[in-house]
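**Q** Before I ask anything, here is the structure I am working with.
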Amino acid sequence: MRDFALPILVLAAFAVAPFLYSNELMLFNFVAFLALAQGLNIVYGFTGYLPFGYVGFYGAGAYGFALAVMHLHAPPLLAMAAGGGAALVLAVVLLPLLRLSGAYFAISSLAAAQAVYEVVSNPALEKITKGPYGVSLTAVFAPRFSYYIALAILALAFALVIWLRNSRFGLALQAIREDPVSASMAGVSVVRGRTIAWLLSALIAGLVGAVFAWHISVFYPDTAFDLGVSIFATVFVLFGGATTLTGPLLGVLILYGVYNAIGITVPQYFQFIYGALIVGLVLFLPNGLVSLLTSRGIRVP
Amino acid sequence: MSPEPLLVAQDLVKRFGGFRALDGVSFHLAPGEVLGLVGPNGSGKTTCINVISGLYPPDGGSVTYQGRSIAGVASHVLARRGINRTFQSPKPFLSLTVMENLLVAATYGNAGTPPDLAALLASLELDTLAARPAGELNSAQQKTLDLARALATSPRVLLVDELAAGLNPTELARMADRLRALAAGGMALLVVEHLMGFIDRVTDRVAVMNAGREFFEGTLADAIKDPEVIRVFLGGAHG
Amino acid sequence: MLIGAIVAGIVFGLYFALVGLGLNLVFGVMRIVNLAHGDVLMLGGYTAWWLFSAFGLHPLEAAALVFVVFIVVGFPLYYAVVPRLQRARDAEMLSLILFFGLSQMIEALTTIAVGTDQRSLPGRVLGIGPVILFGARLPKPWVFSAAVSAVAVAAVYVYLYRTRLGTLTRAVMVSRDEAVATGIDIHRVSAIAFGIALGLAGVAGVFAPFMLGSITPDIGVDLNLTAFAVIVVGTLGNPLGTVAGGIIYGVSLMLMQTYFSSWANLLPDLLLIAVLLVRPEGLFGRKVRRA
């Protein structure tokens, strides 16, 4: 039960927040990053694979949504499914990357995200994707409704991580992360475990990307494939502590909170501080904020 | 003669590039039997275990388990069918607790009735450490945990790779008794070991390897009288 | 047109070899991935631009200065982070994350200092008019940059194979443990290699405005992918394989730009992924796959 207290509190707070606070876009971004951080947590925290190109799934989701709306005139909820589906397709195409070890995986996933960006933003595909000129989906613009859909995606992300935290499958994934050979001798199918975590993680990012496209309704490839999305999600997860539900959640609330409070006008100062945070964390607190508690034997959900 | 064999290897060959790490290894292993695999360093003992446990497929020969070929079958499938192993340098799941290490194996690799994990830990004297992360264990304890991880799958065949290295004499004696007890319960064991005293205590028969090739099979008492065995161990072979 | 593309590809390839060389040296000696490599290169470019516009310094002089300064900066940076990293369980992965953070810091500081405008240096500084090579007409600055790159690569070869320190460096590359056992001060050897690697990246940066047209503070990411593609193609951890990687990369890029120009930007990404998946050991060896 303790596991549910914090996520339910957060969901409830963000459910009432639009009635109390007028900057709905900022609230939306909070919800989106909370979900993205948990999505990245699924693959990084539980399997140890850190995809620098995580934004690729987000962008695929955004463009999956946009293409479904523009060309198929799909209703938004169906287009959401198209967005999630696009990310899943990309994840399946990229499955072979899981054969690569840590650093090579991280870099090649970044290359993959860049490649998708190059394709989507290519002027040669203007008729399909509108190339670098961006898409406009004002016909389906519904900020309040899409905000609550984003909240539902966040609930899904929380639920997935709570499941992984408390299930044998979650343990099996961590076993794979610790040592794939020992894990396979423990009877764990390494390929299957990694694949499931990878697809779930991509699905979350794809859905968040799709709901972002819906909520904002006008955007460019540069926004949908902004490497900053990967960087923020990575820093939030590392800062709070991967493999827990609480860590990434705290990471977003604290760091994105501070970012919104003072950082938006000169983003470079924040880029600098984030970079410094990453360096500091790797050197001094590689397991994040929650490790201050867990290393003292306190269980953190 | 021994009962119906459970595991049969026939002329196993494994090449790495041009190097023949295994160059014709044959043996059979029956339930309740303990076969020692001995030979100088680099003679292919661990490669033999790696091939049987599915780490990589053999390049020639056959290996059957319960009458069916298991050449090239993945490790996790073998674990579920009842073949398991320990590692010379164990790599337990360091961030998981000792009990969680076993839970993974008992859940995913179980080949029979799930064992009582608490009793298993107690029998290996790891029970007081059950809630501790495996990363906090010392190397002897990690080796025991690796054995526990294999046993948590209730294997019918257990491949033991240099379990005794690094244990003190008391621990050695206890480990030998444990392996004998497992065999008495019907488990088939293949034991790779350098310590001849340990081999003598634990095994029924030994197979002797050199340069990837098995050239002697029989009792240890006969082996030490065999001129070829003496030559390999005392003469030209290194290590 | 084909000959032209191939000749230009080789010229660019020599330059790309220099782009990847430092990254590969660090990987080969320290087993860590310097994801700030592209940003160090970018810094070299801005330094050259600043030295030229403020003091009229010739790029060759700037290159010498950058090389020395970056080596000197490399030592303390090495001792501050690398030994600590190597004690960790997953040093390769942690190094990637750490240097990624460092790259963000460098990019942010550069943007704060000089803004986001594109900067370039006039090509005439390196000579006017085309050079005819095997019937292909190439701008003189390209040929000049390629020549400097070739000299730098040759110097690294001499260092590694003709000096005592270079021999020790190669020993560390082959086996850290053996090197420690034979009494080599691996941190001193590594720190020097790290400094040289930054110096090489800086020199590559000095010529970046000529080879890439212009530089901006955010080119680090793309350059990292390019450098990584080059060294993966040319064999990770083998600094001289980088030359082969650079030339393969350069020729492919020029062929793409000649025949499929609108898709040429995809090349580094796809080449990197394809080589890692199909032949992860590059041209000559070393496994990067797990289990």
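Simple scheme: letters A, B, ... for chains in structure tokens order, numbers from 1 for residues in each chain, numbers from 1 for ligands in the order shown.
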Pull out every residue of chain B that has at least one atom within 7 Å of chain A, counting only C-alpha atoms, and report them as an NGL selection string.
**A** :B and (75-77 or 79-80 or 84 or 91-94 or 104-105 or 108-109 or 149-150)
**Q** Save the residues we just selected, N, CA and C atoms, as a short mmCIF file (atom, residue, chain, number, x, y, z; two decimals), in the first residue's frame?
**A**
```cif
data_model
loop_
_atom_site.label_atom_id
_atom_site.label_comp_id
_atom_site.auth_asym_id
_atom_site.auth_seq_id
_atom_site.Cartn_x
_atom_site.Cartn_y
_atom_site.Cartn_z
N SER B 75 20.73 -21.67 -22.54
CA SER B 75 20.95 -21.94 -21.11
C SER B 75 19.66 -21.92 -20.31
N HIS B 76 18.80 -20.89 -20.57
CA HIS B 76 17.63 -20.78 -19.71
C HIS B 76 16.66 -21.94 -19.93
N VAL B 77 16.68 -22.49 -21.15
CA VAL B 77 15.83 -23.66 -21.42
C VAL B 77 16.40 -24.88 -20.70
N ALA B 79 18.17 -24.84 -18.01
CA ALA B 79 17.93 -24.68 -16.57
C ALA B 79 16.54 -25.20 -16.23
N ARG B 80 15.57 -24.88 -17.09
CA ARG B 80 14.19 -25.31 -16.82
C ARG B 80 14.04 -26.82 -17.00
N ASN B 84 21.93 -27.55 -14.55
CA ASN B 84 22.43 -26.27 -14.06
C ASN B 84 23.90 -26.37 -13.73
N LYS B 91 29.06 -14.74 -10.52
CA LYS B 91 28.56 -13.38 -10.67
C LYS B 91 27.11 -13.34 -10.22
N PRO B 92 26.90 -13.32 -8.90
CA PRO B 92 25.53 -13.24 -8.41
C PRO B 92 24.93 -11.86 -8.76
N PHE B 93 23.63 -11.74 -8.54
CA PHE B 93 22.96 -10.48 -8.85
C PHE B 93 23.20 -9.54 -7.68
N LEU B 94 24.25 -8.71 -7.81
CA LEU B 94 24.81 -8.02 -6.65
C LEU B 94 23.84 -7.08 -5.95
N VAL B 104 14.58 -15.57 -8.04
CA VAL B 104 14.62 -15.51 -9.51
C VAL B 104 14.81 -16.91 -10.08
N ALA B 105 15.80 -17.62 -9.52
CA ALA B 105 16.09 -18.96 -10.04
C ALA B 105 14.94 -19.92 -9.80
N TYR B 108 12.00 -18.86 -12.28
CA TYR B 108 12.15 -18.97 -13.73
C TYR B 108 12.84 -20.24 -14.17
N GLY B 109 13.62 -20.84 -13.28
CA GLY B 109 14.43 -21.97 -13.75
C GLY B 109 13.99 -23.29 -13.16
N ARG B 149 22.00 -20.74 -5.97
CA ARG B 149 21.23 -20.31 -7.14
C ARG B 149 20.99 -21.49 -8.08
N ALA B 150 22.03 -22.31 -8.28
CA ALA B 150 21.86 -23.48 -9.13
C ALA B 150 20.90 -24.48 -8.49
#
```
**Q** Could you pull the residues within 8 Å of region 55-69 of chain C, counting only C-alpha atoms, minus those fewer than 5 positions along the same chain, as a PDB file with N, CA and C atoms, in the first residue's frame?
**A**
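Dumped to around.pdb:
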```pdb
ATOM      1  N   GLY C  44      38.115  23.867 -29.940  1.00  0.00           N
ATOM      2  CA  GLY C  44      39.297  24.126 -30.762  1.00  0.00           C
ATOM      3  C   GLY C  44      38.938  25.058 -31.916  1.00  0.00           C
ATOM      4  N   THR C  47      38.379  28.564 -30.627  1.00  0.00           N
ATOM      5  CA  THR C  47      39.650  29.178 -30.251  1.00  0.00           C
ATOM      6  C   THR C  47      40.359  29.699 -31.501  1.00  0.00           C
ATOM      7  N   ALA C  48      40.368  28.896 -32.565  1.00  0.00           N
ATOM      8  CA  ALA C  48      41.014  29.313 -33.809  1.00  0.00           C
ATOM      9  C   ALA C  48      40.319  30.540 -34.393  1.00  0.00           C
ATOM     10  N   TRP C  50      38.636  32.796 -32.762  1.00  0.00           N
ATOM     11  CA  TRP C  50      38.919  33.939 -31.909  1.00  0.00           C
ATOM     12  C   TRP C  50      40.354  34.434 -32.133  1.00  0.00           C
ATOM     13  N   VAL C 125      42.610  32.125 -46.163  1.00  0.00           N
ATOM     14  CA  VAL C 125      43.733  32.068 -45.225  1.00  0.00           C
ATOM     15  C   VAL C 125      44.608  30.855 -45.512  1.00  0.00           C
ATOM     16  N   LEU C 126      43.980  29.798 -45.987  1.00  0.00           N
ATOM     17  CA  LEU C 126      44.739  28.571 -46.241  1.00  0.00           C
ATOM     18  C   LEU C 126      45.098  28.428 -47.720  1.00  0.00           C
ATOM     19  N   ILE C 196      47.018  14.205 -25.045  1.00  0.00           N
ATOM     20  CA  ILE C 196      47.269  14.174 -26.489  1.00  0.00           C
ATOM     21  C   ILE C 196      45.947  14.056 -27.248  1.00  0.00           C
ATOM     22  N   LEU C 198      42.977  15.101 -26.335  1.00  0.00           N
ATOM     23  CA  LEU C 198      42.295  16.401 -26.353  1.00  0.00           C
ATOM     24  C   LEU C 198      42.994  17.343 -27.325  1.00  0.00           C
ATOM     25  N   GLY C 199      44.324  17.303 -27.322  1.00  0.00           N
ATOM     26  CA  GLY C 199      45.083  18.143 -28.242  1.00  0.00           C
ATOM     27  C   GLY C 199      44.738  17.840 -29.696  1.00  0.00           C
ATOM     28  N   LEU C 200      44.641  16.561 -30.015  1.00  0.00           N
ATOM     29  CA  LEU C 200      44.299  16.165 -31.384  1.00  0.00           C
ATOM     30  C   LEU C 200      42.889  16.640 -31.750  1.00  0.00           C
ATOM     31  N   GLY C 202      41.412  19.181 -30.495  1.00  0.00           N
ATOM     32  CA  GLY C 202      41.509  20.633 -30.674  1.00  0.00           C
ATOM     33  C   GLY C 202      42.027  20.992 -32.050  1.00  0.00           C
ATOM     34  N   VAL C 203      43.067  20.298 -32.506  1.00  0.00           N
ATOM     35  CA  VAL C 203      43.628  20.579 -33.835  1.00  0.00           C
ATOM     36  C   VAL C 203      42.584  20.292 -34.917  1.00  0.00           C
ATOM     37  N   VAL C 206      40.338  23.167 -35.099  1.00  0.00           N
ATOM     38  CA  VAL C 206      40.867  24.355 -35.773  1.00  0.00           C
ATOM     39  C   VAL C 206      40.511  24.342 -37.262  1.00  0.00           C
ATOM     40  N   PHE C 207      40.523  23.144 -37.849  1.00  0.00           N
ATOM     41  CA  PHE C 207      40.246  23.058 -39.287  1.00  0.00           C
ATOM     42  C   PHE C 207      38.776  22.769 -39.588  1.00  0.00           C
TER      43      PHE C 207
END
```
**Q** Write out as a ChimeraX atom specification which residues come within 10 Å of region 227-237 of chain C when counting only C-alpha atoms, dropping same-chain ones fewer than 4 positions away.
**A** /A:104,107-108,111 /C:13,16-31,33,35,37-38,173-174,221-223,241-250,267-276,279-288
**Q** What gap, in Å, lies between CA of Gly45 (chain A) and CA of Asp39 (chain C)?
**A**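 CA of Gly45 (chain A) sits 28.0 Å away from CA of Asp39 (chain C).
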**Q** In Å, rounded to a single decimal, give me how far CA of Ile128 (chain A) is from CA of Phe141 (chain A).
**A**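 Atom-to-atom, CA of Phe141 (chain A) to CA of Ile128 (chain A), that is 20.6 Å.
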**Q** Under the rule of at most 9 Å, produce a per-residue listing of chain A near chain C: chain, number, name, the closest pair of atoms, and the distance in Å, as CSV, using only C-alpha atoms.
**A**
```
residue,atom,partner,partner_atom,distance
A:Leu50,CA,C:Met93,CA,8.6
A:Pro96,CA,C:Leu277,CA,7.1
A:Leu97,CA,C:Leu277,CA,7.1
A:Leu98,CA,C:Arg290,CA,8.9
A:Arg99,CA,C:Arg289,CA,5.8
A:Leu100,CA,C:Arg289,CA,4.5
A:Ser101,CA,C:Arg289,CA,5.2
A:Gly102,CA,C:Met93,CA,5.8
A:Ala103,CA,C:Met93,CA,5.3
A:Tyr104,CA,C:Val288,CA,7.4
A:Ala106,CA,C:Leu96,CA,8.5
A:Ile107,CA,C:Leu225,CA,7.6
A:Ser108,CA,C:Ile273,CA,5.7
A:Ser109,CA,C:Ile273,CA,8.3
A:Leu110,CA,C:Leu225,CA,8.3
A:Ala111,CA,C:Asp269,CA,4.6
A:Ala112,CA,C:Asp269,CA,6.4
A:Ala113,CA,C:Asp269,CA,8.7
A:Gln114,CA,C:Asp269,CA,6.9
A:Ala115,CA,C:Leu266,CA,5.6
A:Val116,CA,C:Leu266,CA,8.8
A:Glu118,CA,C:Leu266,CA,6.4
A:Val119,CA,C:Leu266,CA,7.9
A:Asn122,CA,C:Ser262,CA,7.4
A:Pro123,CA,C:Ser262,CA,8.0
A:Ala124,CA,C:Ser262,CA,7.1
A:Pro180,CA,C:Ala291,CA,6.6
A:Val181,CA,C:Ala291,CA,6.7
A:Val266,CA,C:Ile112,CA,8.9
A:Pro267,CA,C:Ala108,CA,8.4
A:Gln268,CA,C:Ala108,CA,4.8
A:Tyr269,CA,C:Ala108,CA,6.8
A:Phe270,CA,C:Ala108,CA,8.2
A:Gln271,CA,C:Ala108,CA,5.8
A:Phe272,CA,C:Met105,CA,4.4
A:Ile273,CA,C:Met105,CA,7.3
A:Tyr274,CA,C:Gly101,CA,7.2
A:Gly275,CA,C:Gly101,CA,3.9
A:Ala276,CA,C:Gly101,CA,6.2
A:Leu277,CA,C:Gly101,CA,7.4
A:Ile278,CA,C:Gly101,CA,5.0
A:Val279,CA,C:Leu98,CA,4.8
A:Gly280,CA,C:Leu98,CA,8.2
A:Leu281,CA,C:Leu98,CA,8.4
A:Val282,CA,C:Leu98,CA,6.0
A:Leu283,CA,C:Leu85,CA,7.2
A:Pro286,CA,C:Leu94,CA,8.5
```
**Q** Could you tell me, as a PyMOL selection string, which residues of region 6-234 of chain B DSSP assigns to strand (DSSP E) when given the backbone?
**A** chain B and resi 7-16+19-29+34-38+60-65+68-69+83-85+157-161+188-192+205-210+213-218
**Q** Produce a file of the selected residues containing C-alpha atoms, as a PDB file, in the first residue's frame.
**A**
```pdb
ATOM      1  CA  LEU B   7      23.699 -37.119 -19.701  1.00  0.00           C
ATOM      2  CA  VAL B   8      25.815 -38.501 -22.530  1.00  0.00           C
ATOM      3  CA  ALA B   9      28.560 -36.587 -24.330  1.00  0.00           C
ATOM      4  CA  GLN B  10      30.017 -38.137 -27.464  1.00  0.00           C
ATOM      5  CA  ASP B  11      33.137 -36.783 -29.209  1.00  0.00           C
ATOM      6  CA  LEU B  12      32.388 -33.159 -28.307  1.00  0.00           C
ATOM      7  CA  VAL B  13      34.347 -30.615 -30.343  1.00  0.00           C
ATOM      8  CA  LYS B  14      34.537 -26.857 -29.788  1.00  0.00           C
ATOM      9  CA  ARG B  15      36.735 -24.544 -31.837  1.00  0.00           C
ATOM     10  CA  PHE B  16      37.603 -20.920 -31.188  1.00  0.00           C
ATOM     11  CA  PHE B  19      42.083 -23.352 -31.663  1.00  0.00           C
ATOM     12  CA  ARG B  20      40.384 -26.641 -30.729  1.00  0.00           C
ATOM     13  CA  ALA B  21      39.379 -26.056 -27.121  1.00  0.00           C
ATOM     14  CA  LEU B  22      37.510 -29.355 -27.098  1.00  0.00           C
ATOM     15  CA  ASP B  23      38.790 -32.064 -29.373  1.00  0.00           C
ATOM     16  CA  GLY B  24      36.827 -35.221 -28.671  1.00  0.00           C
ATOM     17  CA  VAL B  25      35.340 -35.527 -25.211  1.00  0.00           C
ATOM     18  CA  SER B  26      33.006 -38.407 -24.350  1.00  0.00           C
ATOM     19  CA  PHE B  27      31.471 -39.425 -21.053  1.00  0.00           C
ATOM     20  CA  HIS B  28      28.201 -40.502 -19.518  1.00  0.00           C
ATOM     21  CA  LEU B  29      26.655 -39.544 -16.258  1.00  0.00           C
ATOM     22  CA  VAL B  34      29.660 -37.983  -9.477  1.00  0.00           C
ATOM     23  CA  LEU B  35      32.160 -37.706 -12.309  1.00  0.00           C
ATOM     24  CA  GLY B  36      35.314 -35.669 -11.790  1.00  0.00           C
ATOM     25  CA  LEU B  37      36.778 -33.812 -14.752  1.00  0.00           C
ATOM     26  CA  VAL B  38      40.468 -33.196 -14.231  1.00  0.00           C
ATOM     27  CA  GLY B  60      30.967 -31.354 -33.462  1.00  0.00           C
ATOM     28  CA  GLY B  61      29.914 -34.453 -31.606  1.00  0.00           C
ATOM     29  CA  SER B  62      26.722 -34.849 -29.655  1.00  0.00           C
ATOM     30  CA  VAL B  63      25.409 -34.217 -26.196  1.00  0.00           C
ATOM     31  CA  THR B  64      22.119 -35.750 -25.075  1.00  0.00           C
ATOM     32  CA  TYR B  65      20.090 -35.376 -21.917  1.00  0.00           C
ATOM     33  CA  ARG B  68      17.352 -36.004 -26.408  1.00  0.00           C
ATOM     34  CA  SER B  69      19.997 -33.846 -28.013  1.00  0.00           C
ATOM     35  CA  ILE B  83      20.659 -28.904 -16.107  1.00  0.00           C
ATOM     36  CA  ASN B  84      22.426 -26.274 -14.062  1.00  0.00           C
ATOM     37  CA  ARG B  85      25.929 -25.198 -13.183  1.00  0.00           C
ATOM     38  CA  VAL B 157      22.347 -32.592 -13.505  1.00  0.00           C
ATOM     39  CA  LEU B 158      24.710 -30.164 -11.790  1.00  0.00           C
ATOM     40  CA  LEU B 159      27.959 -29.034 -13.386  1.00  0.00           C
ATOM     41  CA  VAL B 160      30.335 -27.758 -10.724  1.00  0.00           C
ATOM     42  CA  ASP B 161      33.216 -25.557 -11.896  1.00  0.00           C
ATOM     43  CA  ALA B 188      24.112 -36.376 -11.264  1.00  0.00           C
ATOM     44  CA  LEU B 189      27.222 -34.235 -10.791  1.00  0.00           C
ATOM     45  CA  LEU B 190      30.103 -33.304 -13.057  1.00  0.00           C
ATOM     46  CA  VAL B 191      32.848 -31.781 -10.930  1.00  0.00           C
ATOM     47  CA  VAL B 192      35.766 -29.796 -12.344  1.00  0.00           C
ATOM     48  CA  ARG B 205      35.025 -41.827 -11.427  1.00  0.00           C
ATOM     49  CA  VAL B 206      37.259 -39.313 -13.167  1.00  0.00           C
ATOM     50  CA  ALA B 207      37.767 -38.301 -16.760  1.00  0.00           C
ATOM     51  CA  VAL B 208      41.196 -36.872 -17.498  1.00  0.00           C
ATOM     52  CA  MET B 209      41.695 -34.247 -20.191  1.00  0.00           C
ATOM     53  CA  ASN B 210      44.667 -32.719 -21.904  1.00  0.00           C
ATOM     54  CA  ARG B 213      41.114 -34.274 -25.568  1.00  0.00           C
ATOM     55  CA  GLU B 214      39.851 -36.787 -23.037  1.00  0.00           C
ATOM     56  CA  PHE B 215      42.290 -39.684 -22.752  1.00  0.00           C
ATOM     57  CA  PHE B 216      41.394 -41.536 -19.583  1.00  0.00           C
ATOM     58  CA  GLU B 217      38.220 -42.502 -17.797  1.00  0.00           C
ATOM     59  CA  GLY B 218      38.009 -44.646 -14.665  1.00  0.00           C
TER      60      GLY B 218
END
```
**Q** Given a cut-off of 12 Å, which residues of chain B touch chain C, counting only C-alpha atoms, written out as a ChimeraX atom specification?
**A** /B:54-56,74-75,94-95,135
**Q** Dump C-alpha atoms for the selected residues as an mmCIF file, in the first residue's frame?
**A**
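Written file, part10.cif:
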```cif
data_model
loop_
_atom_site.group_PDB
_atom_site.id
_atom_site.type_symbol
_atom_site.label_atom_id
_atom_site.label_comp_id
_atom_site.auth_asym_id
_atom_site.auth_seq_id
_atom_site.Cartn_x
_atom_site.Cartn_y
_atom_site.Cartn_z
ATOM 1 C CA GLY B 54 24.410 -23.948 -23.415
ATOM 2 C CA LEU B 55 26.768 -20.974 -23.271
ATOM 3 C CA TYR B 56 27.842 -21.866 -26.772
ATOM 4 C CA ALA B 74 19.817 -22.036 -24.749
ATOM 5 C CA SER B 75 20.947 -21.939 -21.114
ATOM 6 C CA LEU B 94 24.812 -8.024 -6.654
ATOM 7 C CA SER B 95 22.100 -5.460 -6.036
ATOM 8 C CA GLY B 135 27.156 -7.399 -3.201
#
```
**Q** Just checking: using only C-alpha atoms, which residue out of B:Ala140, B:Leu151, B:Leu96, B:Leu124 ends up closest to Arg174 (chain B)?
**A**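 That would be B:Leu124, the residue with the smallest distance to Arg174 (chain B).
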**Q** Give me the residues near Ala176 (chain B) as a PyMOL selection string, where near means some atom within 9 Å (using only C-alpha atoms) and where sequence neighbours in that chain fewer than 5 positions away do not count.
**A** chain B and resi 164+171+181+198-199+201-202
**Q** What separation in Å, quoted to one decimal, exists between CA of Val135 (chain A) and CA of Phe219 (chain A)?
**A** 5.7 Å
